[in-house]
>>> print(open('data.tsv').read())   # TSV, C-alpha atoms and all ligand atoms
chain	number	residue	atom	x	y	z
A	1299	MET	CA	128.94	120.59	70.34
A	1300	ALA	CA	126.95	117.47	69.42
A	1301	THR	CA	123.33	117.96	68.42
A	1302	GLN	CA	120.95	115.75	70.40
A	1303	LYS	CA	117.34	115.34	69.40
A	1304	LEU	CA	114.85	115.26	72.26
A	1305	LEU	CA	111.23	114.35	71.68
A	1306	VAL	CA	109.10	115.90	74.41
A	1307	LEU	CA	105.76	114.15	75.01
A	1308	PRO	CA	104.10	116.03	77.89
A	1309	GLY	CA	100.87	113.96	77.78
A	1310	ASP	CA	97.92	114.71	80.05
A	1311	GLY	CA	97.05	116.17	83.44
A	1312	ILE	CA	100.08	117.62	85.20
A	1313	GLY	CA	102.35	116.29	82.42
A	1314	PRO	CA	102.53	119.60	80.50
A	1315	GLU	CA	103.12	121.62	83.70
A	1316	VAL	CA	106.03	119.56	84.98
A	1317	MET	CA	107.49	119.21	81.48
A	1318	GLY	CA	107.49	122.99	81.11
A	1319	GLU	CA	110.02	123.16	83.95
A	1320	VAL	CA	112.17	120.49	82.33
A	1321	GLU	CA	112.26	122.44	79.07
A	1322	LYS	CA	113.68	125.45	80.94
A	1323	ILE	CA	116.40	123.23	82.37
A	1324	VAL	CA	117.17	121.66	78.99
A	1325	GLY	CA	117.60	125.19	77.63
A	1326	TRP	CA	120.01	126.00	80.44
A	1327	PHE	CA	122.21	122.98	79.66
A	1328	THR	CA	122.22	123.89	75.96
A	1329	ARG	CA	123.43	127.40	76.82
A	1330	ARG	CA	126.10	125.85	79.05
A	1331	GLY	CA	127.35	123.86	76.06
A	1332	VAL	CA	126.64	120.37	77.44
A	1333	ALA	CA	124.99	119.53	74.10
A	1334	ALA	CA	122.92	121.29	71.47
A	1335	PHE	CA	119.56	119.89	72.54
A	1336	GLU	CA	116.95	120.20	69.80
A	1337	ILE	CA	113.44	119.87	71.14
A	1338	GLU	CA	110.56	118.45	69.13
A	1339	ARG	CA	107.13	118.09	70.68
A	1340	GLY	CA	104.43	115.49	70.19
A	1341	LEU	CA	101.19	114.26	71.70
A	1342	VAL	CA	100.57	111.12	73.72
A	1343	GLY	CA	97.72	109.74	75.79
A	1344	GLY	CA	94.35	111.45	76.02
A	1345	SER	CA	95.62	114.62	74.37
A	1346	ALA	CA	96.70	112.55	71.34
A	1347	TYR	CA	93.34	110.76	71.32
A	1348	ASP	CA	91.53	114.10	71.27
A	1349	ALA	CA	93.68	115.31	68.37
A	1350	HIS	CA	94.06	112.13	66.26
A	1351	GLY	CA	91.73	109.45	67.67
A	1352	GLU	CA	94.81	107.39	68.72
A	1353	SER	CA	96.83	107.42	71.94
A	1354	ILE	CA	99.92	108.14	69.84
A	1355	SER	CA	100.07	108.89	66.11
A	1356	ASN	CA	102.35	107.07	63.66
A	1357	ALA	CA	104.03	110.40	62.95
A	1358	ASP	CA	104.92	110.87	66.62
A	1359	MET	CA	106.07	107.24	66.83
A	1360	ALA	CA	108.43	107.98	63.92
A	1361	LEU	CA	109.78	111.02	65.80
A	1362	ALA	CA	110.31	108.81	68.86
A	1363	GLN	CA	112.22	106.26	66.79
A	1364	ALA	CA	114.46	109.01	65.41
A	1365	ALA	CA	115.05	110.83	68.72
A	1366	ASP	CA	118.18	110.46	70.84
A	1367	ALA	CA	115.88	110.42	73.87
A	1368	VAL	CA	112.17	110.77	74.56
A	1369	LEU	CA	111.06	112.86	77.56
A	1370	PHE	CA	107.65	111.67	78.68
A	1371	GLY	CA	105.27	113.37	81.14
A	1372	ALA	CA	102.20	111.40	82.19
A	1373	VAL	CA	99.03	110.05	80.60
A	1374	GLY	CA	95.41	109.39	81.51
A	1375	GLY	CA	92.49	110.98	83.32
A	1376	PRO	CA	88.76	110.65	83.92
A	1377	LYS	CA	87.99	112.44	80.66
A	1378	TRP	CA	89.05	109.31	78.75
A	1379	ALA	CA	87.44	106.71	81.02
A	1380	ASP	CA	85.13	105.48	78.25
A	1381	VAL	CA	87.60	105.46	75.37
A	1382	PRO	CA	87.91	101.98	73.73
A	1383	TYR	CA	90.56	99.82	75.46
A	1384	SER	CA	92.98	99.82	72.52
A	1385	LYS	CA	92.91	103.63	72.36
A	1386	ARG	CA	93.06	104.39	76.09
A	1387	PRO	CA	95.79	106.87	77.10
A	1388	GLU	CA	98.05	104.18	78.64
A	1389	ALA	CA	98.16	102.36	75.29
A	1390	GLY	CA	100.36	105.14	73.89
A	1391	LEU	CA	102.96	104.59	76.59
A	1392	LEU	CA	102.84	100.81	76.15
A	1393	ARG	CA	103.30	101.20	72.38
A	1394	LEU	CA	106.34	103.40	72.94
A	1395	ARG	CA	107.85	100.83	75.31
A	1396	ARG	CA	107.13	97.93	72.95
A	1397	ASP	CA	108.01	99.50	69.58
A	1398	LEU	CA	111.21	101.12	70.88
A	1399	GLY	CA	112.17	97.85	72.62
A	1400	LEU	CA	112.64	99.57	75.99
A	1401	PHE	CA	113.06	96.39	78.03
A	1402	ALA	CA	115.08	97.83	80.92
A	1403	ASN	CA	113.30	100.20	83.28
A	1404	LEU	CA	115.54	101.80	85.92
A	1405	ARG	CA	113.71	103.26	88.91
A	1406	PRO	CA	116.04	104.66	91.55
A	1407	ALA	CA	114.47	105.36	94.93
A	1408	ILE	CA	116.64	107.81	96.81
A	1409	CYS	CA	115.58	109.44	100.05
A	1410	PHE	CA	116.92	112.99	100.14
A	1411	PRO	CA	118.11	113.79	103.68
A	1412	ALA	CA	115.78	116.79	103.82
A	1413	LEU	CA	112.78	114.60	103.00
A	1414	ALA	CA	113.22	111.78	105.50
A	1415	ALA	CA	110.43	113.32	107.58
A	1416	ALA	CA	108.04	113.47	104.60
A	1417	SER	CA	107.93	109.69	104.22
A	1418	SER	CA	105.08	107.83	105.87
A	1419	LEU	CA	107.76	105.56	107.38
A	1420	LYS	CA	109.96	106.43	110.36
A	1421	PRO	CA	112.88	108.68	109.33
A	1422	GLU	CA	115.50	106.17	110.54
A	1423	VAL	CA	114.03	103.51	108.23
A	1424	VAL	CA	114.39	105.64	105.09
A	1425	GLU	CA	117.20	108.10	105.85
A	1426	GLY	CA	120.04	107.56	103.36
A	1427	LEU	CA	117.98	105.10	101.30
A	1428	ASP	CA	119.44	104.48	97.82
A	1429	ILE	CA	117.98	101.53	95.96
A	1430	LEU	CA	117.56	100.85	92.28
A	1431	ILE	CA	114.64	98.85	90.95
A	1432	VAL	CA	115.38	97.27	87.57
A	1433	ARG	CA	112.00	96.39	86.10
A	1434	GLU	CA	111.59	94.26	82.96
A	1435	LEU	CA	109.39	96.45	80.77
A	1436	THR	CA	108.47	94.78	77.47
A	1437	GLY	CA	107.40	91.29	78.55
A	1438	GLY	CA	105.33	89.47	81.13
A	1439	VAL	CA	101.64	89.93	81.72
A	1440	TYR	CA	101.61	93.39	80.12
A	1441	PHE	CA	102.20	92.00	76.65
A	1442	GLY	CA	101.69	88.18	76.84
A	1443	GLU	CA	99.09	86.65	74.47
A	1444	PRO	CA	96.32	85.62	74.72
A	1445	LYS	CA	95.04	88.76	76.41
A	1446	GLU	CA	91.29	88.84	76.07
A	1447	ILE	CA	87.81	88.74	77.52
A	1448	VAL	CA	85.68	86.01	75.92
A	1449	THR	CA	81.99	85.27	76.38
A	1450	LEU	CA	81.23	81.66	77.30
A	1451	GLU	CA	78.25	79.56	76.20
A	1452	ASP	CA	76.33	80.29	79.40
A	1453	GLY	CA	76.71	84.01	78.75
A	1454	SER	CA	79.29	84.59	81.50
A	1455	GLN	CA	82.69	85.93	80.58
A	1456	ARG	CA	86.27	84.80	81.05
A	1457	ALA	CA	89.21	87.20	81.16
A	1458	VAL	CA	92.75	86.05	80.38
A	1459	ASP	CA	96.11	87.75	80.76
A	1460	THR	CA	99.23	85.75	80.00
A	1461	GLN	CA	102.40	85.93	82.07
A	1462	LEU	CA	105.12	84.87	79.66
A	1463	TYR	CA	108.92	85.07	79.78
A	1464	THR	CA	111.60	83.55	77.57
A	1465	THR	CA	115.21	82.78	78.50
A	1466	GLY	CA	116.51	85.66	76.38
A	1467	GLU	CA	114.20	88.21	77.95
A	1468	ILE	CA	115.30	87.20	81.45
A	1469	GLU	CA	119.00	87.06	80.53
A	1470	ARG	CA	119.16	90.59	79.14
A	1471	ILE	CA	117.43	92.25	82.09
A	1472	THR	CA	119.57	90.21	84.48
A	1473	ARG	CA	122.74	91.49	82.81
A	1474	VAL	CA	121.55	95.10	83.12
A	1475	ALA	CA	120.93	94.58	86.84
A	1476	PHE	CA	124.35	93.02	87.50
A	1477	GLU	CA	126.21	95.63	85.44
A	1478	LEU	CA	124.54	98.40	87.45
A	1479	ALA	CA	125.20	96.64	90.77
A	1480	LYS	CA	128.93	96.67	89.93
A	1481	THR	CA	128.80	100.49	89.86
A	1482	ARG	CA	127.00	100.57	93.23
A	1483	ARG	CA	127.08	98.32	96.33
A	1484	ASN	CA	127.58	95.10	94.36
A	1485	LYS	CA	124.39	93.32	95.38
A	1486	VAL	CA	121.41	92.09	93.33
A	1487	SER	CA	118.12	90.87	94.80
A	1488	SER	CA	115.85	89.07	92.35
A	1489	ALA	CA	112.14	89.17	93.19
A	1490	GLU	CA	109.88	86.54	91.67
A	1491	LYS	CA	107.23	83.98	92.67
A	1492	HIS	CA	109.07	80.71	92.00
A	1493	ASN	CA	106.83	79.03	94.59
A	1494	VAL	CA	103.67	79.53	92.51
A	1495	MET	CA	104.50	80.61	88.96
A	1496	LYS	CA	106.31	78.73	86.18
A	1497	SER	CA	107.61	82.06	84.91
A	1498	GLY	CA	109.04	82.53	88.40
A	1499	VAL	CA	110.77	79.14	88.27
A	1500	LEU	CA	112.43	80.00	84.94
A	1501	TRP	CA	113.25	83.53	86.15
A	1502	LYS	CA	115.09	82.16	89.18
A	1503	GLN	CA	116.97	79.54	87.11
A	1504	VAL	CA	118.12	82.03	84.49
A	1505	VAL	CA	119.19	84.70	86.99
A	1506	THR	CA	121.15	82.06	88.92
A	1507	ARG	CA	122.85	80.78	85.77
A	1508	VAL	CA	123.81	84.24	84.47
A	1509	HIS	CA	125.16	85.12	87.92
A	1510	LYS	CA	127.33	82.02	88.10
A	1511	ALA	CA	128.66	82.33	84.55
A	1512	GLU	CA	129.22	86.08	84.29
A	1513	PHE	CA	128.88	87.91	87.63
A	1514	ALA	CA	130.02	85.54	90.37
A	1515	ASP	CA	131.78	88.46	92.10
A	1516	VAL	CA	128.46	90.23	92.70
A	1517	GLU	CA	126.28	89.14	95.63
A	1518	LEU	CA	122.94	87.60	94.58
A	1519	GLU	CA	119.87	86.74	96.62
A	1520	HIS	CA	116.39	85.58	95.59
A	1521	VAL	CA	113.34	86.93	97.37
A	1522	LEU	CA	109.68	86.05	96.88
A	1523	ALA	CA	107.93	89.08	95.43
A	1524	ASP	CA	105.31	89.29	98.20
A	1525	ASN	CA	107.99	89.07	100.87
A	1526	CYS	CA	109.92	91.74	98.99
A	1527	ALA	CA	106.94	94.11	99.26
A	1528	MET	CA	106.93	93.54	103.02
A	1529	GLN	CA	110.72	93.93	103.34
A	1530	LEU	CA	110.54	97.22	101.40
A	1531	VAL	CA	108.46	98.82	104.13
A	1532	ARG	CA	110.22	96.95	106.95
A	1533	ARG	CA	113.91	97.38	106.19
A	1534	PRO	CA	114.34	98.91	102.71
A	1535	LYS	CA	118.03	99.69	103.12
A	1536	GLN	CA	118.88	95.96	102.87
A	1537	TYR	CA	118.48	96.31	99.08
A	1538	ASP	CA	120.86	97.69	96.48
A	1539	VAL	CA	119.66	96.61	93.02
A	1540	LEU	CA	116.28	94.87	92.86
A	1541	VAL	CA	115.56	93.07	89.58
A	1542	THR	CA	112.05	91.92	88.83
A	1543	ASP	CA	109.43	91.36	86.14
A	1544	ASN	CA	107.07	93.86	84.59
A	1545	LEU	CA	104.07	93.52	86.92
A	1546	PHE	CA	105.97	93.03	90.19
A	1547	GLY	CA	108.19	95.95	89.16
A	1548	ASP	CA	105.16	98.17	88.67
A	1549	ILE	CA	103.91	97.39	92.17
A	1550	LEU	CA	107.24	97.33	94.02
A	1551	SER	CA	108.29	100.66	92.50
A	1552	ASP	CA	105.15	102.39	93.76
A	1553	ILE	CA	105.99	101.12	97.24
A	1554	ALA	CA	109.57	102.29	96.86
A	1555	ALA	CA	108.33	105.70	95.75
A	1556	MET	CA	106.58	106.35	99.04
A	1557	LEU	CA	109.77	105.51	100.94
A	1558	THR	CA	111.26	108.62	99.39
A	1559	GLY	CA	108.51	110.89	100.67
A	1560	SER	CA	106.28	111.27	97.63
A	1561	LEU	CA	105.50	109.75	94.27
A	1562	GLY	CA	106.43	113.21	93.00
A	1563	MET	CA	110.10	112.46	93.61
A	1564	LEU	CA	110.74	109.28	91.58
A	1565	PRO	CA	112.33	109.44	88.11
A	1566	SER	CA	112.81	106.57	85.69
A	1567	ALA	CA	114.75	105.60	82.60
A	1568	SER	CA	113.57	103.02	80.09
A	1569	LEU	CA	116.37	101.73	77.90
A	1570	GLY	CA	116.61	99.47	74.86
A	1571	ALA	CA	119.47	97.26	73.74
A	1572	GLU	CA	122.75	98.88	72.75
A	1573	ASP	CA	123.09	99.30	68.99
A	1574	PRO	CA	126.41	97.56	68.23
A	1575	ALA	CA	127.17	100.01	65.39
A	1576	THR	CA	126.62	103.28	67.30
A	1577	GLY	CA	126.83	102.18	70.94
A	1578	LYS	CA	123.54	104.04	71.51
A	1579	ARG	CA	120.35	102.82	73.14
A	1580	LYS	CA	116.79	103.89	72.48
A	1581	ALA	CA	115.63	105.64	75.62
A	1582	LEU	CA	112.59	107.17	77.25
A	1583	TYR	CA	112.64	109.10	80.53
A	1584	GLU	CA	109.53	109.57	82.63
A	1585	PRO	CA	108.47	110.25	86.19
A	1586	VAL	CA	106.99	107.24	88.01
A	1587	HIS	CA	103.94	109.29	89.04
A	1588	GLY	CA	100.83	109.60	86.92
A	1589	SER	CA	98.87	112.51	85.47
A	1590	ALA	CA	97.27	113.51	88.83
A	1591	PRO	CA	94.07	114.91	87.26
A	1592	ASP	CA	92.89	116.16	90.67
A	1593	ILE	CA	95.61	118.82	90.79
A	1594	ALA	CA	96.14	119.37	87.04
A	1595	GLY	CA	96.15	122.97	85.87
A	1596	LYS	CA	96.64	124.37	89.39
A	1597	GLY	CA	100.37	124.96	89.10
A	1598	ILE	CA	101.11	123.05	92.31
A	1599	ALA	CA	102.49	119.74	90.98
A	1600	ASN	CA	105.97	118.64	91.98
A	1601	PRO	CA	108.28	118.83	88.93
A	1602	ILE	CA	111.22	117.07	90.65
A	1603	ALA	CA	110.53	113.52	89.39
A	1604	THR	CA	110.43	114.80	85.81
A	1605	VAL	CA	113.49	117.02	86.27
A	1606	SER	CA	115.35	114.05	87.80
A	1607	SER	CA	114.28	111.96	84.82
A	1608	PHE	CA	116.11	114.46	82.59
A	1609	SER	CA	119.12	114.06	84.87
A	1610	MET	CA	118.94	110.34	84.10
A	1611	ALA	CA	118.86	111.23	80.37
A	1612	LEU	CA	122.04	113.29	80.82
A	1613	ARG	CA	123.63	110.31	82.59
A	1614	TYR	CA	122.48	107.36	80.48
A	1615	SER	CA	121.83	108.76	76.98
A	1616	PHE	CA	124.32	111.62	76.75
A	1617	LYS	CA	127.07	110.35	79.10
A	1618	ALA	CA	127.12	113.88	80.57
A	1619	ILE	CA	127.89	112.61	84.06
A	1620	ALA	CA	129.12	115.94	85.47
A	1621	ALA	CA	125.98	117.68	84.20
A	1622	ALA	CA	123.76	114.99	85.74
A	1623	ASP	CA	125.61	115.25	89.05
A	1624	LEU	CA	125.21	119.05	88.95
A	1625	LEU	CA	121.46	118.80	88.37
A	1626	ASP	CA	121.07	116.22	91.17
A	1627	LYS	CA	123.07	118.48	93.49
A	1628	ALA	CA	120.89	121.48	92.60
A	1629	ILE	CA	117.76	119.51	93.52
A	1630	THR	CA	119.30	118.33	96.81
A	1631	ASN	CA	120.29	121.88	97.74
A	1632	VAL	CA	116.89	123.38	96.93
A	1633	LEU	CA	115.26	120.80	99.18
A	1634	ALA	CA	117.86	121.33	101.89
A	1635	ALA	CA	117.07	125.05	101.81
A	1636	GLY	CA	113.49	124.20	102.80
A	1637	LEU	CA	111.69	124.73	99.51
A	1638	ARG	CA	108.81	122.27	98.97
A	1639	THR	CA	105.89	121.61	96.70
A	1640	ALA	CA	102.66	120.77	98.51
A	1641	ASP	CA	103.10	116.97	98.26
A	1642	ILE	CA	106.34	117.03	100.28
A	1643	GLN	CA	105.66	119.86	102.71
A	1644	SER	CA	106.40	119.48	106.39
A	1645	ASP	CA	106.92	121.81	109.36
A	1646	ASN	CA	109.24	124.78	108.83
A	1647	THR	CA	109.30	124.48	105.06
A	1648	HIS	CA	108.31	126.97	102.42
A	1649	VAL	CA	105.67	125.72	99.99
A	1650	VAL	CA	105.92	126.87	96.38
A	1651	GLY	CA	104.25	125.96	93.09
A	1652	THR	CA	105.55	124.09	90.07
A	1653	ALA	CA	107.16	127.04	88.26
A	1654	ALA	CA	108.79	128.45	91.40
A	1655	MET	CA	110.32	125.06	92.14
A	1656	GLY	CA	111.67	124.86	88.57
A	1657	ASP	CA	113.04	128.40	88.85
A	1658	ALA	CA	114.70	127.60	92.18
A	1659	ILE	CA	116.46	124.60	90.62
A	1660	LEU	CA	117.60	126.82	87.73
A	1661	ALA	CA	118.89	129.49	90.11
A	1662	GLU	CA	120.78	126.82	92.07
A	1663	LEU	CA	122.31	125.49	88.84
A	1664	GLU	CA	123.51	129.02	88.10
A	1665	ARG	CA	124.91	129.43	91.59
A	1666	LEU	CA	126.69	126.06	91.65
A	1667	SER	CA	128.35	126.68	88.30
A	1668	ALA	CA	129.22	130.36	88.82
B	1701	LIG	C1	104.09	102.88	85.43
B	1701	LIG	C2	102.62	103.07	85.18
B	1701	LIG	C3	102.24	102.37	83.88
B	1701	LIG	C4	102.48	100.89	84.08
B	1701	LIG	C5	100.80	102.65	83.40
B	1701	LIG	C6	100.53	104.13	83.24
B	1701	LIG	C7	100.50	101.91	82.12
B	1701	LIG	O1	101.87	102.64	86.27
B	1701	LIG	O2	104.90	103.25	84.55
B	1701	LIG	O3	104.44	102.38	86.50
B	1701	LIG	O4	101.61	100.16	84.58
B	1701	LIG	O5	103.58	100.45	83.71
B	1702	MG	MG	103.05	102.06	87.95
>>> encode(input="data.tsv", output="structure tokens")
Amino acid sequence: MATQKLLVLPGDGIGPEVMGEVEKIVGWFTRRGVAAFEIERGLVGGSAYDAHGESISNADMALAQAADAVLFGAVGGPKWADVPYSKRPEAGLLRLRRDLGLFANLRPAICFPALAAASSLKPEVVEGLDILIVRELTGGVYFGEPKEIVTLEDGSQRAVDTQLYTTGEIERITRVAFELAKTRRNKVSSAEKHNVMKSGVLWKQVVTRVHKAEFADVELEHVLADNCAMQLVRRPKQYDVLVTDNLFGDILSDIAAMLTGSLGMLPSASLGAEDPATGKRKALYEPVHGSAPDIAGKGIANPIATVSSFSMALRYSFKAIAAADLLDKAITNVLAAGLRTADIQSDNTHVVGTAAMGDAILAELERLSA
């Protein structure tokens, strides 16, 4: 049985609570012989700042570099509102993305049949929804330089963020999107603002060129990012794979999350380039939701997005497809049986806390594999 090193970074707020449930599930898959998962733990975000004065320490960065996969909870909270910008909790996550080269962020938005009524949209609009947002994660306005606030001669200030993309950055994320579309419904929609932004003009040109040269058998459409936001709440099922830049991807994936019923449902995978020698990719798995400080410590947070993120780790890092399918099935069944955390409750459902939801998923794993 291959040993696989997992670095668990629970972070802040509800991060440690939801990650606790994932650790139980990791243990279950180790006992089932899927892999010998070895768990190391580190600090990120505000909890790292409190311990080391940095949002992630160099020692934990080294563990992340050496891990087969990083499991990330959530960062941030009002406690750290006045921490210097470079040490704010989010900086730890951005450093992980940048230093590990995690340029491809996969955010599937799947509406579980049992949750169609929990969405703020009409059930018929979201029922059966299965889209995949492929967000560029290491470029664009998040990392472009200059990025600064300067004081002008008259004492007023000017803030600058730089939206910047190169051909190579667009090509590699485009290829990820097309490769994934081939395993799904064979359609890619590229969202950009080519009507206003030079980076949008280049984005559209490069996606079009890569499509023609390498993926002509996959359907491609371009959509303006603002129109895409509207289409996502109007008729989301028109999309299969949606490829977009870092900032638009951040916004569009929050919209997509609510289509599924709750932010507490959306997992994500952040992948680096394949190492030609080993065939492996650096990878980090995290829920799309944040640290939810308002409910932290109450034991009521929804662990499903984080558990599903581990399912993505099984699928993408460990090629344990049957195990990932089993875990996804266990989640579907638990929801179908009417079990809910508070964020996804509706009529005739049974509301449970974080640990009970984790235990129910474990029990269902047992039952399915008995
Ligand atoms: C996300 C989050 C992050 C982002 C924050 C926490 C820095 O909103 O992963 O979507 O903006 O990328
Ligand atoms: Mg976001």
>>> residues_around(input="data.tsv", residues="Val1306 of chain A", least_positions_apart="5", cutoff="9 Å", atoms="all atoms listed in the file", output="mmCIF file with C-alpha atoms, keeping the file's coordinate frame")
data_model
loop_
_atom_site.group_PDB
_atom_site.id
_atom_site.type_symbol
_atom_site.label_atom_id
_atom_site.label_comp_id
_atom_site.auth_asym_id
_atom_site.auth_seq_id
_atom_site.Cartn_x
_atom_site.Cartn_y
_atom_site.Cartn_z
ATOM 1 C CA MET A 1317 107.490 119.210 81.480
ATOM 2 C CA GLU A 1321 112.260 122.440 79.070
ATOM 3 C CA ILE A 1337 113.440 119.870 71.140
ATOM 4 C CA GLU A 1338 110.560 118.450 69.130
ATOM 5 C CA ARG A 1339 107.130 118.090 70.680
ATOM 6 C CA GLY A 1340 104.430 115.490 70.190
ATOM 7 C CA LEU A 1341 101.190 114.260 71.700
ATOM 8 C CA ALA A 1367 115.880 110.420 73.870
ATOM 9 C CA VAL A 1368 112.170 110.770 74.560
ATOM 10 C CA LEU A 1369 111.060 112.860 77.560
ATOM 11 C CA PHE A 1370 107.650 111.670 78.680
ATOM 12 C CA GLY A 1371 105.270 113.370 81.140
#
>>> residues_near_ligand(input="data.tsv", ligand="ligand LIG 1701 (chain B)", cutoff="7 Å", atoms="all atoms listed in the file", output="PDB file with C-alpha atoms, in the frame of the given file")
ATOM      1  CA  VAL A1373      99.030 110.050  80.600  1.00  0.00           C
ATOM      2  CA  GLU A1388      98.050 104.180  78.640  1.00  0.00           C
ATOM      3  CA  LEU A1391     102.960 104.590  76.590  1.00  0.00           C
ATOM      4  CA  LEU A1392     102.840 100.810  76.150  1.00  0.00           C
ATOM      5  CA  ASP A1548     105.160  98.170  88.670  1.00  0.00           C
ATOM      6  CA  VAL A1586     106.990 107.240  88.010  1.00  0.00           C
ATOM      7  CA  GLY A1588     100.830 109.600  86.920  1.00  0.00           C
TER       8      GLY A1588
END
>>> closest_residue(input="data.tsv", among="A:Lys1480, A:Lys1420, A:Lys1578, A:Arg1396", to="Gly1442 of chain A", atoms="only C-alpha atoms")
A:Arg1396
>>> residues_around(input="data.tsv", residues="Val1605 of chain A", least_positions_apart="5", cutoff="10 Å", atoms="all atoms listed in the file", output="PyMOL selection string")
chain A and resi 1316-1324+1369+1563-1565+1583-1585+1600+1610-1611+1625-1626+1629+1656+1659
>>> residues_near_ligand(input="data.tsv", ligand="ligand MG 1702 (chain B)", cutoff="9 Å", atoms="all atoms listed in the file", output="PDB file with C-alpha atoms, in the coordinates of the input")
ATOM      1  CA  LEU A1545     104.070  93.520  86.920  1.00  0.00           C
ATOM      2  CA  GLY A1547     108.190  95.950  89.160  1.00  0.00           C
ATOM      3  CA  ASP A1548     105.160  98.170  88.670  1.00  0.00           C
ATOM      4  CA  ILE A1549     103.910  97.390  92.170  1.00  0.00           C
ATOM      5  CA  LEU A1550     107.240  97.330  94.020  1.00  0.00           C
ATOM      6  CA  SER A1551     108.290 100.660  92.500  1.00  0.00           C
ATOM      7  CA  ASP A1552     105.150 102.390  93.760  1.00  0.00           C
ATOM      8  CA  VAL A1586     106.990 107.240  88.010  1.00  0.00           C
ATOM      9  CA  HIS A1587     103.940 109.290  89.040  1.00  0.00           C
ATOM     10  CA  GLY A1588     100.830 109.600  86.920  1.00  0.00           C
TER      11      GLY A1588
END
>>> build_atoms(input="data.tsv", residues="segment 1512-1523 of chain A", atoms="N, CA, C and O atoms", output="mmCIF file, keeping the file's coordinate frame")
data_model
loop_
_atom_site.group_PDB
_atom_site.id
_atom_site.type_symbol
_atom_site.label_atom_id
_atom_site.label_comp_id
_atom_site.auth_asym_id
_atom_site.auth_seq_id
_atom_site.Cartn_x
_atom_site.Cartn_y
_atom_site.Cartn_z
ATOM 1 N N GLU A 1512 128.693 84.783 84.708
ATOM 2 C CA GLU A 1512 129.220 86.080 84.290
ATOM 3 C C GLU A 1512 129.472 87.078 85.433
ATOM 4 O O GLU A 1512 130.220 88.030 85.262
ATOM 5 N N PHE A 1513 128.797 86.876 86.577
ATOM 6 C CA PHE A 1513 128.880 87.910 87.630
ATOM 7 C C PHE A 1513 129.072 87.312 89.010
ATOM 8 O O PHE A 1513 128.514 87.803 89.997
ATOM 9 N N ALA A 1514 129.877 86.258 89.099
ATOM 10 C CA ALA A 1514 130.020 85.540 90.370
ATOM 11 C C ALA A 1514 130.566 86.438 91.483
ATOM 12 O O ALA A 1514 130.392 86.151 92.672
ATOM 13 N N ASP A 1515 131.214 87.553 91.101
ATOM 14 C CA ASP A 1515 131.780 88.460 92.100
ATOM 15 C C ASP A 1515 130.744 89.438 92.670
ATOM 16 O O ASP A 1515 131.063 90.246 93.541
ATOM 17 N N VAL A 1516 129.521 89.370 92.160
ATOM 18 C CA VAL A 1516 128.460 90.230 92.700
ATOM 19 C C VAL A 1516 127.581 89.357 93.602
ATOM 20 O O VAL A 1516 127.305 88.204 93.280
ATOM 21 N N GLU A 1517 127.143 89.908 94.728
ATOM 22 C CA GLU A 1517 126.280 89.140 95.630
ATOM 23 C C GLU A 1517 124.880 89.012 95.012
ATOM 24 O O GLU A 1517 124.343 89.973 94.463
ATOM 25 N N LEU A 1518 124.305 87.808 95.098
ATOM 26 C CA LEU A 1518 122.940 87.600 94.580
ATOM 27 C C LEU A 1518 122.080 86.951 95.650
ATOM 28 O O LEU A 1518 122.498 86.012 96.320
ATOM 29 N N GLU A 1519 120.852 87.441 95.794
ATOM 30 C CA GLU A 1519 119.870 86.740 96.620
ATOM 31 C C GLU A 1519 118.548 86.694 95.871
ATOM 32 O O GLU A 1519 118.276 87.544 95.025
ATOM 33 N N HIS A 1520 117.740 85.664 96.157
ATOM 34 C CA HIS A 1520 116.390 85.580 95.590
ATOM 35 C C HIS A 1520 115.402 85.887 96.709
ATOM 36 O O HIS A 1520 115.592 85.462 97.837
ATOM 37 N N VAL A 1521 114.351 86.615 96.364
ATOM 38 C CA VAL A 1521 113.340 86.930 97.370
ATOM 39 C C VAL A 1521 111.966 86.766 96.702
ATOM 40 O O VAL A 1521 111.782 87.128 95.541
ATOM 41 N N LEU A 1522 111.033 86.174 97.429
ATOM 42 C CA LEU A 1522 109.680 86.050 96.880
ATOM 43 C C LEU A 1522 109.067 87.448 96.788
ATOM 44 O O LEU A 1522 109.240 88.273 97.693
ATOM 45 N N ALA A 1523 108.374 87.709 95.702
ATOM 46 C CA ALA A 1523 107.930 89.080 95.430
ATOM 47 C C ALA A 1523 107.030 89.636 96.544
ATOM 48 O O ALA A 1523 107.112 90.823 96.874
#
